[in-house]
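For reference, input-v4.cif (mmCIF, C-alpha atoms and all ligand atoms):
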data_coords
#
loop_
_atom_site.label_atom_id
_atom_site.label_comp_id
_atom_site.auth_asym_id
_atom_site.auth_seq_id
_atom_site.Cartn_x
_atom_site.Cartn_y
_atom_site.Cartn_z
CA MET A 1 -10.22 -18.15 14.95
CA ARG A 2 -9.74 -15.89 11.95
CA SER A 3 -9.10 -12.17 11.58
CA VAL A 4 -12.26 -10.87 9.92
CA ILE A 5 -12.40 -7.49 8.15
CA LEU A 6 -15.30 -5.60 9.71
CA GLY A 7 -14.75 -2.31 7.89
CA SER A 8 -12.41 -0.32 5.67
CA GLY A 9 -11.69 3.36 5.20
CA SER A 10 -9.35 5.62 3.26
CA ALA A 11 -8.24 9.23 3.11
CA LEU A 12 -6.57 11.40 0.50
CA PRO A 13 -5.07 14.88 0.72
CA LYS A 14 -7.20 17.75 -0.64
CA ARG A 15 -4.80 18.74 -3.42
CA VAL A 16 -4.77 16.86 -6.75
CA VAL A 17 -1.70 17.28 -8.95
CA SER A 18 -2.06 16.37 -12.61
CA ASN A 19 0.70 15.13 -14.89
CA ALA A 20 0.43 18.42 -16.81
CA GLU A 21 1.13 20.39 -13.62
CA LEU A 22 4.26 18.28 -12.97
CA ALA A 23 5.40 18.82 -16.55
CA GLU A 24 5.63 22.55 -15.76
CA LYS A 25 8.29 21.79 -13.11
CA VAL A 26 10.32 18.85 -14.46
CA ASP A 27 11.24 17.66 -17.96
CA THR A 28 8.38 15.19 -18.43
CA SER A 29 5.02 14.93 -20.19
CA ASP A 30 1.54 13.59 -19.56
CA GLU A 31 2.08 11.26 -22.51
CA TRP A 32 5.29 9.70 -21.08
CA ILE A 33 3.82 9.24 -17.59
CA VAL A 34 0.55 7.68 -18.83
CA GLU A 35 2.25 5.40 -21.34
CA ARG A 36 5.01 4.14 -18.99
CA THR A 37 3.03 3.99 -15.73
CA GLY A 38 -0.73 4.49 -16.24
CA ILE A 39 -0.64 7.37 -13.70
CA ARG A 40 -2.83 10.39 -14.56
CA GLN A 41 -2.79 12.27 -11.25
CA ARG A 42 -1.74 12.00 -7.63
CA TYR A 43 -2.78 13.61 -4.32
CA ILE A 44 -0.17 15.68 -2.48
CA ALA A 45 -0.41 16.58 1.22
CA ASP A 46 -0.26 20.19 2.38
CA GLU A 47 1.53 21.22 5.59
CA THR A 48 -1.56 20.47 7.73
CA GLU A 49 -1.85 16.92 6.35
CA THR A 50 0.61 14.37 7.71
CA THR A 51 0.97 10.59 7.80
CA ALA A 52 -0.74 10.62 11.22
CA THR A 53 -3.67 12.87 10.21
CA LEU A 54 -4.32 10.96 6.97
CA GLY A 55 -4.05 7.65 8.85
CA THR A 56 -6.46 8.92 11.51
CA ASP A 57 -9.03 10.01 8.90
CA ALA A 58 -8.82 6.61 7.19
CA ALA A 59 -9.12 4.85 10.58
CA LYS A 60 -12.22 6.88 11.53
CA ARG A 61 -13.92 5.89 8.27
CA ALA A 62 -12.99 2.24 8.81
CA LEU A 63 -14.39 2.36 12.36
CA ASP A 64 -17.62 3.94 11.04
CA ALA A 65 -17.92 1.21 8.40
CA ALA A 66 -17.36 -1.43 11.10
CA GLY A 67 -19.90 0.22 13.43
CA MET A 68 -17.26 0.27 16.13
CA ALA A 69 -16.13 2.89 18.65
CA ALA A 70 -12.42 3.75 18.75
CA ASP A 71 -12.08 2.60 22.36
CA GLN A 72 -13.02 -0.95 21.35
CA ILE A 73 -9.69 -1.22 19.48
CA ASP A 74 -6.86 -2.86 21.40
CA LEU A 75 -4.18 -3.03 18.68
CA ILE A 76 -3.00 -0.43 16.14
CA VAL A 77 -0.39 -1.37 13.55
CA VAL A 78 0.68 1.35 11.12
CA ALA A 79 2.66 0.54 8.00
CA THR A 80 4.66 3.56 6.90
CA ALA A 81 8.04 4.59 5.54
CA THR A 82 7.24 8.27 6.08
CA PRO A 83 6.46 8.59 9.82
CA ASP A 84 5.59 12.00 11.26
CA ASN A 85 8.72 11.75 13.43
CA THR A 86 11.60 9.29 13.75
CA PHE A 87 9.90 8.36 17.01
CA PRO A 88 7.44 7.89 18.63
CA ALA A 89 5.68 5.50 16.28
CA THR A 90 3.02 7.16 14.13
CA ALA A 91 0.66 4.48 15.51
CA THR A 92 0.84 6.19 18.91
CA LYS A 93 0.02 9.58 17.36
CA ILE A 94 -2.98 8.04 15.60
CA GLN A 95 -3.99 6.36 18.87
CA ALA A 96 -3.96 9.76 20.60
CA LEU A 97 -5.86 11.46 17.74
CA LEU A 98 -8.52 8.72 17.95
CA GLY A 99 -8.79 9.32 21.71
CA ILE A 100 -7.83 5.76 22.68
CA ASP A 101 -6.37 5.78 26.19
CA ASP A 102 -4.44 2.50 26.22
CA CYS A 103 -3.81 -0.19 23.61
CA ILE A 104 -0.91 -1.82 21.76
CA ALA A 105 0.41 0.57 19.08
CA PHE A 106 3.47 0.32 16.85
CA ASP A 107 4.74 0.91 13.30
CA VAL A 108 5.98 -1.58 10.74
CA ALA A 109 8.50 -0.56 8.08
CA ALA A 110 8.49 -2.61 4.89
CA VAL A 111 7.94 0.30 2.48
CA CYS A 112 5.47 -0.61 -0.30
CA THR A 113 4.98 -4.10 1.19
CA GLY A 114 4.37 -2.52 4.59
CA PHE A 115 0.63 -3.09 4.61
CA LEU A 116 1.03 -6.83 3.94
CA TYR A 117 3.61 -7.06 6.74
CA ALA A 118 1.33 -5.10 9.11
CA LEU A 119 -1.67 -7.26 8.20
CA SER A 120 0.32 -10.43 8.81
CA VAL A 121 1.58 -9.25 12.22
CA ALA A 122 -1.90 -8.10 13.29
CA ASP A 123 -3.43 -11.37 12.09
CA SER A 124 -0.91 -13.38 14.15
CA MET A 125 -1.57 -11.27 17.24
CA LEU A 126 -5.34 -11.58 16.87
CA ARG A 127 -5.23 -15.31 16.33
CA GLY A 128 -2.70 -15.66 19.17
CA GLY A 129 -5.03 -13.91 21.60
CA ASN A 130 -2.85 -10.82 22.21
CA ALA A 131 -5.68 -8.59 21.00
CA LYS A 132 -9.31 -8.87 19.90
CA ARG A 133 -9.85 -5.89 17.59
CA ALA A 134 -7.19 -4.27 15.46
CA LEU A 135 -6.78 -1.23 13.27
CA VAL A 136 -4.30 -1.96 10.48
CA ILE A 137 -3.36 1.22 8.68
CA GLY A 138 -1.14 2.04 5.69
CA SER A 139 -0.38 5.75 5.59
CA GLU A 140 2.25 7.68 3.65
CA THR A 141 3.38 11.16 2.66
CA PHE A 142 5.98 10.17 0.06
CA SER A 143 5.83 13.70 -1.38
CA ARG A 144 8.03 14.72 1.58
CA ILE A 145 10.88 12.38 0.58
CA LEU A 146 10.80 12.89 -3.18
CA ASP A 147 13.56 14.69 -5.04
CA TRP A 148 11.33 17.06 -7.03
CA GLU A 149 14.14 17.59 -9.54
CA ASP A 150 14.43 13.87 -10.36
CA ARG A 151 11.90 13.15 -13.10
CA THR A 152 12.58 9.41 -12.91
CA THR A 153 10.98 9.21 -9.44
CA CYS A 154 8.97 12.35 -8.57
CA VAL A 155 6.22 11.63 -11.10
CA LEU A 156 5.52 8.16 -9.68
CA PHE A 157 4.35 8.69 -6.11
CA GLY A 158 1.44 10.24 -4.19
CA ASP A 159 0.16 10.59 -0.62
CA GLY A 160 -2.77 8.86 1.08
CA ALA A 161 -3.94 6.34 3.67
CA GLY A 162 -6.09 3.24 3.99
CA ALA A 163 -7.26 1.31 7.04
CA LEU A 164 -8.97 -1.94 7.99
CA VAL A 165 -10.73 -2.87 11.22
CA LEU A 166 -10.16 -6.55 12.03
CA GLU A 167 -11.72 -8.70 14.71
CA ALA A 168 -10.84 -12.23 15.84
CA ARG A 169 -13.90 -14.40 15.16
CA ASP A 170 -14.84 -18.01 14.48
CA GLY A 171 -16.12 -18.87 11.00
CA ASP A 172 -15.18 -19.15 7.33
CA ALA A 173 -14.59 -15.45 6.66
CA GLY A 174 -11.32 -13.67 7.34
CA ILE A 175 -7.65 -13.84 6.49
CA LEU A 176 -6.82 -17.31 5.19
CA THR A 177 -3.06 -16.88 4.93
CA THR A 178 -0.28 -14.33 4.47
CA LYS A 179 3.12 -14.91 2.82
CA LEU A 180 6.03 -12.50 3.31
CA HIS A 181 9.51 -12.26 1.78
CA ALA A 182 12.57 -10.00 1.90
CA GLN A 183 15.92 -10.00 0.11
CA GLY A 184 18.16 -7.36 1.68
CA LYS A 185 20.88 -8.06 -0.88
CA HIS A 186 18.80 -5.87 -3.23
CA ASN A 187 18.39 -2.95 -0.81
CA ASN A 188 20.32 -0.63 -3.15
CA LEU A 189 17.60 -0.80 -5.81
CA LEU A 190 15.09 1.31 -3.89
CA TYR A 191 16.11 3.33 -0.83
CA VAL A 192 16.22 6.73 0.84
CA ASP A 193 19.67 8.36 0.88
CA GLY A 194 19.35 9.70 4.43
CA GLY A 195 18.32 8.80 7.96
CA PRO A 196 19.07 9.54 11.63
CA SER A 197 21.92 7.06 11.98
CA THR A 198 23.74 7.92 8.74
CA THR A 199 23.31 11.48 7.45
CA GLN A 200 21.06 12.97 10.17
CA THR A 201 18.89 14.23 7.30
CA VAL A 202 15.58 12.85 6.06
CA GLY A 203 17.02 12.15 2.60
CA HIS A 204 15.38 11.48 -0.76
CA LEU A 205 13.99 8.42 -2.47
CA ARG A 206 16.32 6.79 -5.03
CA MET A 207 15.27 3.97 -7.34
CA LYS A 208 16.69 1.84 -10.12
CA GLY A 209 13.25 1.59 -11.67
CA ARG A 210 13.94 -0.86 -14.46
CA GLU A 211 15.55 -3.42 -12.11
CA VAL A 212 12.77 -3.07 -9.52
CA PHE A 213 10.27 -3.63 -12.33
CA ARG A 214 11.99 -6.83 -13.39
CA HIS A 215 12.02 -8.25 -9.84
CA ALA A 216 8.42 -7.14 -9.24
CA VAL A 217 6.77 -9.18 -11.99
CA VAL A 218 8.65 -12.39 -11.10
CA ASN A 219 8.27 -12.06 -7.32
CA LEU A 220 4.61 -11.07 -7.37
CA ALA A 221 3.57 -13.91 -9.65
CA GLU A 222 5.51 -16.37 -7.44
CA VAL A 223 4.11 -15.15 -4.13
CA LEU A 224 0.55 -15.19 -5.47
CA GLU A 225 0.95 -18.80 -6.55
CA GLU A 226 2.54 -19.66 -3.18
CA THR A 227 -0.34 -17.98 -1.31
CA LEU A 228 -3.09 -19.73 -3.28
CA GLY A 229 -1.26 -23.06 -3.03
CA GLU A 230 -1.09 -22.73 0.76
CA VAL A 231 -4.90 -22.54 1.04
CA GLY A 232 -5.58 -25.07 -1.72
CA LEU A 233 -7.14 -22.58 -4.13
CA SER A 234 -6.42 -21.76 -7.76
CA ASN A 235 -6.55 -18.64 -9.94
CA SER A 236 -10.11 -19.38 -11.00
CA ASP A 237 -11.27 -19.16 -7.34
CA ILE A 238 -10.14 -15.52 -7.07
CA ASP A 239 -12.88 -12.89 -7.21
CA TRP A 240 -10.55 -9.89 -6.86
CA VAL A 241 -6.86 -9.12 -6.83
CA VAL A 242 -5.99 -5.96 -4.89
CA PRO A 243 -2.40 -5.25 -5.91
CA HIS A 244 0.08 -2.63 -4.80
CA GLN A 245 -0.38 0.21 -7.26
CA ALA A 246 3.08 1.03 -8.63
CA ASN A 247 2.73 0.80 -12.38
CA GLN A 248 -0.08 -0.28 -14.70
CA ARG A 249 2.43 -2.29 -16.74
CA ILE A 250 3.41 -4.32 -13.62
CA LEU A 251 -0.28 -4.99 -12.91
CA ASP A 252 -0.84 -6.13 -16.51
CA ALA A 253 2.31 -8.27 -16.66
CA THR A 254 1.56 -9.99 -13.33
CA ALA A 255 -2.08 -10.69 -14.29
CA LYS A 256 -0.92 -12.08 -17.64
CA LYS A 257 1.71 -14.32 -16.03
CA LEU A 258 -0.99 -15.77 -13.75
CA GLY A 259 -3.63 -15.96 -16.49
CA LEU A 260 -5.97 -13.63 -14.56
CA PRO A 261 -8.46 -11.47 -16.47
CA ARG A 262 -7.84 -7.73 -16.11
CA GLU A 263 -11.45 -7.20 -14.92
CA LYS A 264 -10.57 -9.01 -11.67
CA VAL A 265 -7.74 -6.60 -10.84
CA ILE A 266 -8.59 -3.48 -8.81
CA ILE A 267 -6.75 -0.54 -10.37
CA THR A 268 -6.34 2.87 -8.75
CA VAL A 269 -2.81 3.76 -9.90
CA ASP A 270 -4.27 6.13 -12.51
CA GLN A 271 -5.92 8.22 -9.74
CA HIS A 272 -3.60 7.83 -6.73
CA ALA A 273 -0.18 6.98 -8.27
CA ASN A 274 2.07 4.90 -5.98
CA THR A 275 1.14 5.57 -2.34
CA SER A 276 3.51 2.90 -0.99
CA ALA A 277 2.07 1.16 2.11
CA ALA A 278 -1.26 2.96 1.65
CA SER A 279 -1.96 1.68 -1.83
CA VAL A 280 -3.42 -1.77 -1.04
CA PRO A 281 -5.89 -0.69 1.69
CA LEU A 282 -6.78 2.42 -0.35
CA ALA A 283 -7.59 0.33 -3.42
CA PHE A 284 -9.46 -2.21 -1.28
CA ASP A 285 -11.62 0.52 0.27
CA VAL A 286 -12.37 2.09 -3.12
CA ALA A 287 -13.59 -1.28 -4.45
CA VAL A 288 -15.66 -2.06 -1.34
CA ARG A 289 -17.35 1.34 -1.44
CA ASP A 290 -18.12 1.22 -5.18
CA GLY A 291 -19.70 -2.22 -4.70
CA ARG A 292 -17.20 -4.40 -6.57
CA ILE A 293 -15.83 -6.29 -3.55
CA LYS A 294 -18.73 -7.94 -1.73
CA ARG A 295 -19.09 -10.07 1.40
CA GLY A 296 -18.05 -13.65 0.69
CA ASP A 297 -15.65 -12.74 -2.13
CA LEU A 298 -12.19 -14.32 -2.24
CA VAL A 299 -9.71 -11.44 -2.32
CA VAL A 300 -5.98 -11.66 -2.85
CA MET A 301 -3.73 -8.74 -1.91
CA GLU A 302 -0.12 -8.41 -3.05
CA ALA A 303 2.71 -5.89 -2.86
CA MET A 304 6.39 -5.43 -3.57
CA GLY A 305 8.78 -2.67 -2.59
CA GLY A 306 12.05 -1.46 -1.08
CA GLY A 307 14.12 -4.02 0.79
CA LEU A 308 13.42 -5.66 -1.51
CA THR A 309 10.31 -6.92 0.23
CA TRP A 310 7.23 -8.61 -1.17
CA GLY A 311 4.20 -10.48 0.06
CA ALA A 312 0.58 -11.49 -0.44
CA ALA A 313 -2.54 -12.33 1.54
CA ALA A 314 -5.62 -14.38 0.70
CA LEU A 315 -8.86 -13.59 2.50
CA ARG A 316 -12.56 -14.33 2.41
CA TYR A 317 -14.32 -10.95 2.78
O1 LIG B 1 6.51 0.68 -5.25
C1 LIG B 1 7.75 0.06 -5.22
C2 LIG B 1 7.99 -0.65 -6.44
N1 LIG B 1 8.35 0.25 -7.50
C3 LIG B 1 8.10 -0.09 -8.71
O2 LIG B 1 7.50 -1.11 -8.91
C4 LIG B 1 8.62 0.75 -9.85
C5 LIG B 1 9.12 -0.16 -10.91
N2 LIG B 1 9.64 0.53 -12.08
C6 LIG B 1 8.85 1.19 -12.95
O3 LIG B 1 7.65 1.33 -12.74
C7 LIG B 1 9.46 1.71 -14.23
O4 LIG B 1 10.74 1.15 -14.38
C8 LIG B 1 9.56 3.25 -14.29
C9 LIG B 1 8.16 3.83 -14.45
C10 LIG B 1 10.19 3.78 -13.03
C11 LIG B 1 10.38 3.68 -15.49
O5 LIG B 1 9.83 3.14 -16.69
P1 LIG B 1 10.81 2.43 -17.76
O6 LIG B 1 9.97 2.06 -18.90
O7 LIG B 1 11.53 1.35 -17.02
O8 LIG B 1 11.74 3.63 -18.19
P2 LIG B 1 13.31 3.73 -18.09
O9 LIG B 1 13.75 3.92 -16.68
O10 LIG B 1 13.90 2.61 -18.88
O11 LIG B 1 13.56 5.10 -18.87
C12 LIG B 1 13.26 5.21 -20.28
C13 LIG B 1 13.57 6.63 -20.71
C14 LIG B 1 14.94 7.13 -20.24
O12 LIG B 1 15.50 7.93 -21.27
P3 LIG B 1 16.63 7.34 -22.22
O13 LIG B 1 17.75 6.95 -21.32
O14 LIG B 1 16.00 6.17 -22.92
O15 LIG B 1 16.92 8.49 -23.13
C15 LIG B 1 14.59 8.01 -19.07
O16 LIG B 1 15.57 9.03 -18.86
O17 LIG B 1 12.61 7.54 -20.16
C16 LIG B 1 13.29 8.61 -19.50
N3 LIG B 1 12.48 9.06 -18.39
C17 LIG B 1 11.53 10.01 -18.51
N4 LIG B 1 11.11 10.73 -19.56
C18 LIG B 1 10.11 11.61 -19.35
C19 LIG B 1 12.50 8.63 -17.11
N5 LIG B 1 11.58 9.29 -16.39
C20 LIG B 1 10.96 10.14 -17.22
C21 LIG B 1 9.93 11.07 -17.08
N6 LIG B 1 9.54 11.79 -18.16
N7 LIG B 1 9.30 11.28 -15.90
#

Could I get this structure in the form of structure tokens?
Amino acid sequence: MRSVILGSGSALPKRVVSNAELAEKVDTSDEWIVERTGIRQRYIADETETTATLGTDAAKRALDAAGMAADQIDLIVVATATPDNTFPATATKIQALLGIDDCIAFDVAAVCTGFLYALSVADSMLRGGNAKRALVIGSETFSRILDWEDRTTCVLFGDGAGALVLEARDGDAGILTTKLHAQGKHNNLLYVDGGPSTTQTVGHLRMKGREVFRHAVVNLAEVLEETLGEVGLSNSDIDWVVPHQANQRILDATAKKLGLPREKVIITVDQHANTSAASVPLAFDVAVRDGRIKRGDLVVMEAMGGGLTWGAAALRY
């Protein structure tokens, strides 16, 4: 049994914010942001758009693509670090918005690696027989936790959601393996300075960007090699890498370290900025819909984020 991707979907807020618009509010420039990150714009949610509504829109598109009705889903896993509420899980809000009466629904928190963690958990549950059809969603509204006066972070992130419909099936297609890591000793490099148990405020994102960057390139290259090694494949077997979209320079450095041509890397950071747990499924859906990722392709996903956490997945689409 493998977890096969039957469909993907994504959703973005209506409002696009350019680098030039940000430069009117903080001491930054389009030139600095493009040169250091590759980001040209990001989507920012309005008050009617939340992690649950964006996740629901992405899920509906994934269900459409899969040709499946919502009530056929028996597992919803949502990766998010920006839930609508502290509890209940955003997964249960999405379940209600989709009109599903009863299924397993919970959130996973691994920040930018969240989607890889969610995918791995869903894959285990599908293969273990706990569920037959899963919605795995990455959805975030990081704009709500940004310090809009901190130019070192507020220019980097955006809002959005991506979703996959998975089904347990026999055959060659599906998730081949997932590899996950965490090193809590580095949790001070990327964190939110608030929370219910500490400050009783939501808090703001804080990041030591240069140090996260350094860890990212090393960890991502290692976990990609580990993932391919596990399934007995090499770099030349990869059709597409769908990376977490944090910084164009991280994407370039990781591809270079692995000797992967840039044309095999799906890049959306210029359009979406860093959407944390949403970035991998969003990029995947973009590349499926524009015809780059095709059935039968070997796809590798990877991500790294707060925790520090990092991980990768290899799959035959
Ligand atoms: O998704 C989770 C994983 N997160 C990441 O992977 C993020 C990893 N880190 C990064 O992507 C990069 O480190 C950043 C994009 C965050 C920063 O790029 P950098 O090349 O590492 O810049 P830096 O932090 O070394 O800052 C260089 C200079 C500093 O000025 P001084 O001290 O040299 O005078 C900053 O104050 O750039 C300045 N700076 C800015 N200038 C204009 C920082 N932010 C800005 C800004 N506009 N927005």

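With only C-alpha atoms as the atoms that count, the residue of A:Ile39, A:Leu156, A:Ile238, A:Leu176 with the shortest distance to Val265 (chain A) is A:Ile238.
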
Residues within 6 Å of ligand LIG 1 (chain B) should be enumerated using all atoms listed in the file and returned as a short mmCIF file (atom, residue, chain, number, x, y, z; two decimals) with C-alpha atoms, keeping the file's coordinate frame.
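pocket-v4.cif, freshly written:
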data_model
loop_
_atom_site.label_atom_id
_atom_site.label_comp_id
_atom_site.auth_asym_id
_atom_site.auth_seq_id
_atom_site.Cartn_x
_atom_site.Cartn_y
_atom_site.Cartn_z
CA THR A 28 8.38 15.19 -18.43
CA SER A 29 5.02 14.93 -20.19
CA TRP A 32 5.29 9.70 -21.08
CA ARG A 36 5.01 4.14 -18.99
CA THR A 37 3.03 3.99 -15.73
CA CYS A 112 5.47 -0.61 -0.30
CA ARG A 151 11.90 13.15 -13.10
CA THR A 152 12.58 9.41 -12.91
CA VAL A 155 6.22 11.63 -11.10
CA GLY A 209 13.25 1.59 -11.67
CA ARG A 210 13.94 -0.86 -14.46
CA VAL A 212 12.77 -3.07 -9.52
CA PHE A 213 10.27 -3.63 -12.33
CA ALA A 246 3.08 1.03 -8.63
CA ASN A 247 2.73 0.80 -12.38
CA SER A 276 3.51 2.90 -0.99
CA MET A 304 6.39 -5.43 -3.57
CA GLY A 305 8.78 -2.67 -2.59
#

Selection near Gln248 (chain A), 12 Å with all atoms listed in the file, sequence-local residues under 2 positions removed, as a PyMOL selection string = chain A and resi 33-40+156+213+217+243-246+250-255+262+265-274

- Query: Hey, what's within 6 Å of region 116-129 of chain A if we count only C-alpha atoms and toss same-chain stuff fewer than 4 positions away? As number ranges by chain, please?
  - Reply: A: 1, 3, 79, 168, 178

Next, write the just-selected residues to a file, as a PDB file, in the coordinates of the input, keeping C-alpha atoms as the atom set.
ATOM      1  CA  MET A   1     -10.220 -18.150  14.950  1.00  0.00           C
ATOM      2  CA  SER A   3      -9.100 -12.170  11.580  1.00  0.00           C
ATOM      3  CA  ALA A  79       2.660   0.540   8.000  1.00  0.00           C
ATOM      4  CA  ALA A 168     -10.840 -12.230  15.840  1.00  0.00           C
ATOM      5  CA  THR A 178      -0.280 -14.330   4.470  1.00  0.00           C
TER       6      THR A 178
END

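Interatomic distance, CA of Lys93 (chain A) to CA of Gly138 (chain A): 13.9 Å.
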
Where's the centre, and what are the edge lengths in Å to one decimal, of a box along x, y and z enclosing all listed atoms of region 307-315 of chain A padded 4 Å per side, as AutoDock Vina command-line options?
--center_x 2.6 --center_y -9.2 --center_z 0.5 --size_x 31.0 --size_y 18.4 --size_z 12.0
